[in-house]
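Colleague: PDB, C-alpha atoms, saved as start.pdb, coming up:
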```
ATOM      1  CA  MET A   1      80.537  87.125 128.037
ATOM      2  CA  ALA A   2      78.175  87.440 125.065
ATOM      3  CA  LEU A   3      76.190  90.669 124.697
ATOM      4  CA  SER A   4      72.529  90.670 123.671
ATOM      5  CA  GLU A   5      71.913  91.541 120.034
ATOM      6  CA  ASP A   6      68.858  93.579 121.051
ATOM      7  CA  PRO A   7      69.745  96.900 122.777
ATOM      8  CA  LYS A   8      66.377  96.792 124.593
ATOM      9  CA  ASP A   9      67.531  93.724 126.532
ATOM     10  CA  ILE A  10      70.082  95.883 128.388
ATOM     11  CA  SER A  11      67.396  98.116 129.873
ATOM     12  CA  SER A  12      65.290  95.084 130.804
ATOM     13  CA  LEU A  13      67.970  93.609 133.079
ATOM     14  CA  PRO A  14      67.207  93.920 136.791
ATOM     15  CA  ASP A  15      68.912  96.713 138.680
ATOM     16  CA  PRO A  16      71.281  95.134 141.211
ATOM     17  CA  GLY A  17      70.949  98.273 143.314
ATOM     18  CA  ASP A  18      74.675  99.023 143.480
ATOM     19  CA  GLY A  19      74.756 101.588 140.655
ATOM     20  CA  SER A  20      76.564  99.225 138.218
ATOM     21  CA  GLU A  21      73.932  99.751 135.506
ATOM     22  CA  ARG A  22      74.393 103.526 135.701
ATOM     23  CA  ARG A  23      78.194 103.219 135.620
ATOM     24  CA  GLY A  24      77.947 100.881 132.617
ATOM     25  CA  ARG A  25      75.872 103.409 130.727
ATOM     26  CA  VAL A  26      78.343 106.188 131.574
ATOM     27  CA  ARG A  27      81.245 104.072 130.273
ATOM     28  CA  LEU A  28      79.381 103.304 127.053
ATOM     29  CA  ARG A  29      78.550 106.990 126.558
ATOM     30  CA  ARG A  30      82.156 107.999 127.225
ATOM     31  CA  ALA A  31      83.463 105.374 124.792
ATOM     32  CA  ALA A  32      81.069 106.633 122.137
ATOM     33  CA  LEU A  33      82.257 110.222 122.630
ATOM     34  CA  LEU A  34      85.913 109.189 122.369
ATOM     35  CA  GLY A  35      85.282 106.986 119.348
ATOM     36  CA  ALA A  36      83.450 109.623 117.311
ATOM     37  CA  PRO A  37      86.515 111.849 116.565
ATOM     38  CA  ALA A  38      88.638 108.798 115.721
ATOM     39  CA  PHE A  39      85.987 107.511 113.324
ATOM     40  CA  ALA A  40      85.657 110.950 111.703
ATOM     41  CA  LEU A  41      89.440 111.211 111.271
ATOM     42  CA  ALA A  42      89.664 107.726 109.744
ATOM     43  CA  ALA A  43      86.820 108.508 107.349
ATOM     44  CA  THR A  44      88.512 111.764 106.333
ATOM     45  CA  LEU A  45      91.811 109.999 105.641
ATOM     46  CA  VAL A  46      90.044 107.394 103.515
ATOM     47  CA  VAL A  47      88.339 110.101 101.461
ATOM     48  CA  LEU A  48      91.546 112.117 101.036
ATOM     49  CA  THR A  49      93.501 109.022 100.012
ATOM     50  CA  ALA A  50      90.841 108.063  97.481
ATOM     51  CA  GLN A  51      90.992 111.580  96.041
ATOM     52  CA  GLY A  52      94.769 111.382  95.756
ATOM     53  CA  ALA A  53      95.323 114.178  98.284
ATOM     54  CA  LEU A  54      97.654 112.072 100.410
ATOM     55  CA  ALA A  55     100.605 109.925  99.424
ATOM     56  CA  ALA A  56     101.857 107.001 101.425
ATOM     57  CA  GLN A  57     104.278 108.253 104.084
ATOM     58  CA  PHE A  58     106.988 106.390 106.008
ATOM     59  CA  ALA A  59     110.128 107.254 107.927
ATOM     60  CA  ILE A  60     113.107 107.138 105.574
ATOM     61  CA  SER A  61     116.400 105.482 106.525
ATOM     62  CA  GLY A  62     118.350 108.554 105.446
ATOM     63  CA  MET A  63     120.563 106.478 103.149
ATOM     64  CA  PRO A  64     120.366 107.752  99.540
ATOM     65  CA  PHE A  65     120.236 105.302  96.651
ATOM     66  CA  THR A  66     120.890 105.715  92.949
ATOM     67  CA  VAL A  67     118.416 104.800  90.197
ATOM     68  CA  THR A  68     119.267 104.840  86.487
ATOM     69  CA  ALA A  69     117.374 103.776  83.369
ATOM     70  CA  ASP A  70     117.931 104.031  79.633
ATOM     71  CA  THR A  71     114.392 105.326  79.161
ATOM     72  CA  LEU A  72     111.561 106.378  81.443
ATOM     73  CA  GLN A  73     108.133 106.791  79.854
ATOM     74  CA  GLY A  74     105.148 107.868  81.905
ATOM     75  CA  ARG A  75     101.500 108.812  81.670
ATOM     76  CA  GLY A  76     100.004 111.211  84.214
ATOM     77  CA  PHE A  77     103.075 113.121  85.411
ATOM     78  CA  GLY A  78     103.426 115.541  88.320
ATOM     79  CA  GLN A  79     106.313 117.084  90.265
ATOM     80  CA  PHE A  80     106.522 119.240  93.387
ATOM     81  CA  GLY A  81     108.618 119.802  96.499
ATOM     82  CA  GLY A  82     108.357 117.872  99.752
ATOM     83  CA  LEU A  83     110.081 117.010 103.003
ATOM     84  CA  ASP A  84     111.098 113.498 104.085
ATOM     85  CA  ASN A  85     111.704 112.623 107.732
ATOM     86  CA  MET A  86     113.954 110.080 109.446
ATOM     87  CA  PRO A  87     113.047 108.374 112.732
ATOM     88  CA  GLU A  88     114.072 110.275 115.846
ATOM     89  CA  GLY A  89     117.678 109.501 116.730
ATOM     90  CA  SER A  90     118.586 108.136 113.296
ATOM     91  CA  PRO A  91     122.375 107.718 112.928
ATOM     92  CA  ASN A  92     122.054 109.018 109.358
ATOM     93  CA  ALA A  93     120.585 112.379 110.358
ATOM     94  CA  GLY A  94     123.952 114.183 110.573
ATOM     95  CA  ASP A  95     123.367 117.947 110.730
ATOM     96  CA  THR A  96     120.086 117.779 108.765
ATOM     97  CA  GLY A  97     117.856 117.499 111.820
ATOM     98  CA  GLY A  98     116.541 114.255 110.339
ATOM     99  CA  GLN A  99     114.852 115.980 107.413
ATOM    100  CA  VAL A 100     115.613 115.967 103.692
ATOM    101  CA  LEU A 101     114.164 118.423 101.175
ATOM    102  CA  VAL A 102     113.141 116.387  98.131
ATOM    103  CA  ILE A 103     111.658 116.635  94.654
ATOM    104  CA  ILE A 104     108.591 114.387  94.547
ATOM    105  CA  THR A 105     107.921 112.937  91.099
ATOM    106  CA  ALA A 106     104.567 111.176  90.706
ATOM    107  CA  ILE A 107     103.594 109.149  87.628
ATOM    108  CA  ARG A 108     100.290 107.342  87.189
ATOM    109  CA  GLU A 109     101.689 104.654  84.840
ATOM    110  CA  ALA A 110     105.432 104.295  84.139
ATOM    111  CA  GLU A 111     107.738 102.050  82.107
ATOM    112  CA  LEU A 112     111.518 101.902  82.517
ATOM    113  CA  THR A 113     114.048 100.058  80.370
ATOM    114  CA  ASN A 114     117.349  98.744  81.732
ATOM    115  CA  LEU A 115     116.641  99.765  85.310
ATOM    116  CA  CYS A 116     119.509  99.818  87.809
ATOM    117  CA  GLN A 117     119.310 100.619  91.522
ATOM    118  CA  SER A 118     122.162 100.631  94.023
ATOM    119  CA  VAL A 119     122.753 101.637  97.623
ATOM    120  CA  GLU A 120     126.094 101.791  99.412
ATOM    121  CA  LEU A 121     126.410  99.528 102.443
ATOM    122  CA  GLY A 122     129.711 100.063 104.199
ATOM    123  CA  GLY A 123     132.002 100.113 101.184
ATOM    124  CA  THR A 124     130.043  97.646  99.054
ATOM    125  CA  TYR A 125     126.864  98.161  97.009
ATOM    126  CA  LEU A 126     123.600  96.280  96.944
ATOM    127  CA  HIS A 127     122.969  96.202  93.196
ATOM    128  CA  ILE A 128     119.564  95.548  91.570
ATOM    129  CA  THR A 129     118.825  95.349  87.837
ATOM    130  CA  ALA A 130     115.638  94.582  85.880
ATOM    131  CA  GLY A 131     113.986  95.234  82.534
ATOM    132  CA  ASN A 132     117.169  94.740  80.513
ATOM    133  CA  ARG A 133     116.061  91.898  78.217
ATOM    134  CA  GLY A 134     113.377  93.496  76.087
ATOM    135  CA  THR A 135     110.565  93.637  78.678
ATOM    136  CA  PRO A 136     110.404  96.966  80.555
ATOM    137  CA  VAL A 137     109.849  97.475  84.252
ATOM    138  CA  LYS A 138     106.282  98.658  84.885
ATOM    139  CA  ALA A 139     104.950 100.673  87.807
ATOM    140  CA  SER A 140     101.524 102.041  88.740
ATOM    141  CA  GLY A 141     101.089 104.930  91.156
ATOM    142  CA  LEU A 142     104.843 105.532  91.175
ATOM    143  CA  THR A 143     106.372 108.245  93.359
ATOM    144  CA  THR A 144     110.060 108.983  93.883
ATOM    145  CA  ASP A 145     111.565 111.362  96.452
ATOM    146  CA  SER A 146     114.784 112.693  94.946
ATOM    147  CA  THR A 147     117.475 115.240  95.721
ATOM    148  CA  GLU A 148     118.883 115.108  92.190
ATOM    149  CA  ILE A 149     117.421 114.181  88.782
ATOM    150  CA  SER A 150     119.191 114.309  85.410
ATOM    151  CA  GLY A 151     118.729 113.052  81.860
ATOM    152  CA  LYS A 152     120.041 113.643  78.353
ATOM    153  CA  LEU A 153     116.581 114.476  77.040
ATOM    154  CA  ALA A 154     113.207 115.177  78.653
ATOM    155  CA  ALA A 155     110.008 115.593  76.649
ATOM    156  CA  PHE A 156     106.505 116.415  77.944
ATOM    157  CA  ASP A 157     103.032 116.576  76.396
ATOM    158  CA  ASN A 158     100.675 119.353  77.545
ATOM    159  CA  ILE A 159     102.885 120.454  80.422
ATOM    160  CA  GLU A 160     101.690 123.013  82.990
ATOM    161  CA  ILE A 161     104.460 124.719  84.997
ATOM    162  CA  GLY A 162     103.898 126.822  88.103
ATOM    163  CA  GLY A 163     100.559 125.416  89.193
ATOM    164  CA  ASP A 164      99.546 124.852  92.802
ATOM    165  CA  ALA A 165     100.387 121.225  93.502
ATOM    166  CA  SER A 166      97.198 120.726  95.534
ATOM    167  CA  THR A 167      95.093 121.277  92.393
ATOM    168  CA  PHE A 168      96.817 118.672  90.184
ATOM    169  CA  ASP A 169      94.632 116.063  88.486
ATOM    170  CA  LYS A 170      97.091 114.301  86.153
ATOM    171  CA  PRO A 171      99.495 112.515  88.565
ATOM    172  CA  PRO A 172      98.345 109.821  91.026
ATOM    173  CA  VAL A 173      98.825 112.118  94.063
ATOM    174  CA  LYS A 174      98.456 115.810  94.788
ATOM    175  CA  GLY A 175     100.994 118.022  96.515
ATOM    176  CA  PRO A 176     100.564 120.371  99.490
ATOM    177  CA  LEU A 177      98.527 123.575  99.219
ATOM    178  CA  GLY A 178     100.584 126.557  98.035
ATOM    179  CA  VAL A 179     103.515 124.484  96.730
ATOM    180  CA  PHE A 180     104.935 125.205  93.265
ATOM    181  CA  GLY A 181     104.721 122.290  90.858
ATOM    182  CA  GLN A 182     104.299 121.076  87.313
ATOM    183  CA  GLN A 183     102.175 118.406  85.645
ATOM    184  CA  ALA A 184     101.865 116.920  82.159
ATOM    185  CA  ASP A 185      99.904 114.303  80.244
ATOM    186  CA  THR A 186     103.055 112.320  79.416
ATOM    187  CA  VAL A 187     106.792 112.375  80.114
ATOM    188  CA  THR A 188     109.772 110.740  78.403
ATOM    189  CA  ILE A 189     113.302 110.966  79.818
ATOM    190  CA  LYS A 190     116.360 109.450  78.172
ATOM    191  CA  ASP A 191     119.329 108.249  80.269
ATOM    192  CA  VAL A 192     117.604 109.206  83.502
ATOM    193  CA  ARG A 193     119.604 109.269  86.737
ATOM    194  CA  GLN A 194     118.167 109.950  90.187
ATOM    195  CA  THR A 195     119.486 110.225  93.725
ATOM    196  CA  ASN A 196     116.529 109.041  95.794
ATOM    197  CA  TYR A 197     115.566 108.717  99.428
ATOM    198  CA  ALA A 198     112.249 106.939  98.896
ATOM    199  CA  THR A 199     110.181 105.209  96.228
ATOM    200  CA  THR A 200     106.580 104.020  96.471
ATOM    201  CA  ALA A 201     104.229 102.352  94.007
ATOM    202  CA  THR A 202     100.845 100.688  94.148
ATOM    203  CA  ARG A 203     102.242  98.014  91.817
ATOM    204  CA  PHE A 204     105.833  97.363  90.693
ATOM    205  CA  THR A 205     106.679  94.640  88.140
ATOM    206  CA  LEU A 206     110.377  93.859  87.582
ATOM    207  CA  PRO A 207     111.084  91.314  84.820
ATOM    208  CA  ASP A 208     114.514  89.632  84.787
ATOM    209  CA  LEU A 209     115.245  90.815  88.319
ATOM    210  CA  HIS A 210     118.814  90.323  89.549
ATOM    211  CA  MET A 211     120.240  91.283  92.955
ATOM    212  CA  SER A 212     123.883  91.066  94.041
ATOM    213  CA  PHE A 213     126.667  92.804  95.944
ATOM    214  CA  ARG A 214     129.195  94.698  93.855
ATOM    215  CA  SER A 215     132.152  96.998  94.336
ATOM    216  CA  ARG A 216     130.545  99.799  92.301
ATOM    217  CA  GLY A 217     127.078 101.323  92.126
ATOM    218  CA  CYS A 218     124.928 102.155  89.118
TER     219      CYS A 218
END
```
Go ahead and express the file in the form of structure tokens.
Modeller:
Amino acid sequence: MALSEDPKDISSLPDPGDGSERRGRVRLRRAALLGAPAFALAATLVVLTAQGALAAQFAISGMPFTVTADTLQGRGFGQFGGLDNMPEGSPNAGDTGGQVLVIITAIREAELTNLCQSVELGGTYLHITAGNRGTPVKASGLTTDSTEISGKLAAFDNIEIGGDASTFDKPPVKGPLGVFGQQADTVTIKDVRQTNYATTATRFTLPDLHMSFRSRGC
């Protein structure tokens, strides 16, 4: 049934005498009261996301994967601690309670050469490579949730160590209030190796992508 575009038309309808008009108004008022908090929450989330206060969140599988690269170069770097969660009842939870303490690395713009990613699947490995023929992998708004990070050399420009992660303005996302972190204008890591539980990016470009199953990981 189509509703009148003019709100005044509602009040001009004849009263059927059974109280339906009054009940209709009560339902509309109740719906408006319930909708107001939801609208306010949605608006707040939009603002916080636009300000970089929130990162995209999802339930992790709980299966770690390895990422390696000959070189990682980034602009707008930040790093702080976080906690990833698995779905309730996940078979990968073990004795962790379904939670994994992670190092969140956030980079506004990143390039990686000779990227390799692998995850073990029941004795075999899903193996992904890209950026190994002269054109690097590029990512915008990149975040990685890692339990281990290593490299032969790491270099930073204008690094700040020990800042509150909620105040960061160089990486694409901020961390929680009161959490120790570090940020820098740029980062370069040679022979980087990560054990990750999650990766997100607003844009990920992988030239010369190749996927296969192999007996060994990266």
Colleague: As a check of understanding, name the residues that the PyMOL selection byres ((chain A and resi 74) around 8) selects in the supplied structure, as an NGL selection string.
Modeller: :A and (72-73 or 75-77 or 107-111 or 186-188)
Colleague: Write a file of the selected residues as a CSV table (one decimal), in the frame of the given file, keeping C-alpha atoms.
Modeller:
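Below is the file out.csv, written as the result:
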```csv
chain,number,residue,atom,x,y,z
A,72,LEU,CA,111.6,106.4,81.4
A,73,GLN,CA,108.1,106.8,79.9
A,75,ARG,CA,101.5,108.8,81.7
A,76,GLY,CA,100.0,111.2,84.2
A,77,PHE,CA,103.1,113.1,85.4
A,107,ILE,CA,103.6,109.1,87.6
A,108,ARG,CA,100.3,107.3,87.2
A,109,GLU,CA,101.7,104.7,84.8
A,110,ALA,CA,105.4,104.3,84.1
A,111,GLU,CA,107.7,102.0,82.1
A,186,THR,CA,103.1,112.3,79.4
A,187,VAL,CA,106.8,112.4,80.1
A,188,THR,CA,109.8,110.7,78.4
```
Colleague: Run the PyMOL selection byres ((chain A and resi 85) around 9) mentally over the shown coordinates, then write out the matched residues as a PyMOL selection string, using the chain letters and numbers from the document.
Modeller: chain A and resi 58-62+83-84+86-88+97-100
Colleague: Enumerate, as a ChimeraX atom specification, the residues matched when the PyMOL selection byres ((chain A and resi 203) around 7) is run on the file above.
Modeller: /A:139-140,201-202,204-205
Colleague: Let me make sure I understand: among A:Val137, A:Ile128, A:Ala69, A:Leu206, which one has the smallest atom-to-atom distance to Arg193 of chain A if we use only C-alpha atoms?
Modeller: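 Once distances to Arg193 of chain A are computed over only C-alpha atoms, the minimum belongs to A:Ala69.
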Colleague: Would you mind listing what lies within 12 Å of Gly175 of chain A as a short mmCIF file (atom, residue, chain, number, x, y, z; two decimals) with C-alpha atoms, in the coordinates of the input, with only C-alpha atoms counted and same-chain residues fewer than 2 positions away left out?
Modeller:
```cif
data_model
loop_
_atom_site.label_atom_id
_atom_site.label_comp_id
_atom_site.auth_asym_id
_atom_site.auth_seq_id
_atom_site.Cartn_x
_atom_site.Cartn_y
_atom_site.Cartn_z
CA GLN A 51 90.99 111.58 96.04
CA GLY A 52 94.77 111.38 95.76
CA ALA A 53 95.32 114.18 98.28
CA LEU A 54 97.65 112.07 100.41
CA ALA A 55 100.60 109.92 99.42
CA GLY A 78 103.43 115.54 88.32
CA GLN A 79 106.31 117.08 90.26
CA PHE A 80 106.52 119.24 93.39
CA GLY A 81 108.62 119.80 96.50
CA GLY A 82 108.36 117.87 99.75
CA LEU A 83 110.08 117.01 103.00
CA ILE A 103 111.66 116.64 94.65
CA ILE A 104 108.59 114.39 94.55
CA THR A 105 107.92 112.94 91.10
CA ALA A 106 104.57 111.18 90.71
CA THR A 143 106.37 108.24 93.36
CA GLY A 163 100.56 125.42 89.19
CA ASP A 164 99.55 124.85 92.80
CA ALA A 165 100.39 121.22 93.50
CA SER A 166 97.20 120.73 95.53
CA THR A 167 95.09 121.28 92.39
CA PHE A 168 96.82 118.67 90.18
CA ASP A 169 94.63 116.06 88.49
CA LYS A 170 97.09 114.30 86.15
CA PRO A 171 99.50 112.52 88.56
CA PRO A 172 98.34 109.82 91.03
CA VAL A 173 98.82 112.12 94.06
CA LEU A 177 98.53 123.58 99.22
CA GLY A 178 100.58 126.56 98.04
CA VAL A 179 103.52 124.48 96.73
CA PHE A 180 104.94 125.20 93.26
CA GLY A 181 104.72 122.29 90.86
CA GLN A 182 104.30 121.08 87.31
CA GLN A 183 102.18 118.41 85.64
#
```
Colleague: Give as a list in words every residue, naming chains and numbers as the document does, that has an atom within 8 Å of (124.7, 97.4, 95.2), counting all atoms listed in the file.
Modeller: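 I get Gln117, Ser118, Val119, Glu120, Leu121, Thr124, Tyr125, Leu126, His127, Ile128, Met211, Ser212, Phe213, Arg214, Ser215, Arg216, Gly217 and Cys218 of chain A for the residues within 8 Å of that point.
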Colleague: Calculated over all atoms listed in the file, which of the candidates A:Thr113, A:Lys174, A:Leu153, A:Asp145 has the smallest distance to Gly131 of chain A?
Modeller: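 Residue with the minimum atom-to-atom distance to Gly131 of chain A: A:Thr113.
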Colleague: Record the distance separating atom CA of Gly134 of chain A and atom CA of Thr195 of chain A, expressed in Å with one decimal.
Modeller: 25.1 Å
Colleague: Would you compute the distance between atom CA of Thr199 of chain A and atom CA of Asn158 of chain A? Give it in Å to one decimal.
Modeller: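 For atom CA of Thr199 of chain A relative to atom CA of Asn158 of chain A, the distance reads 25.3 Å.
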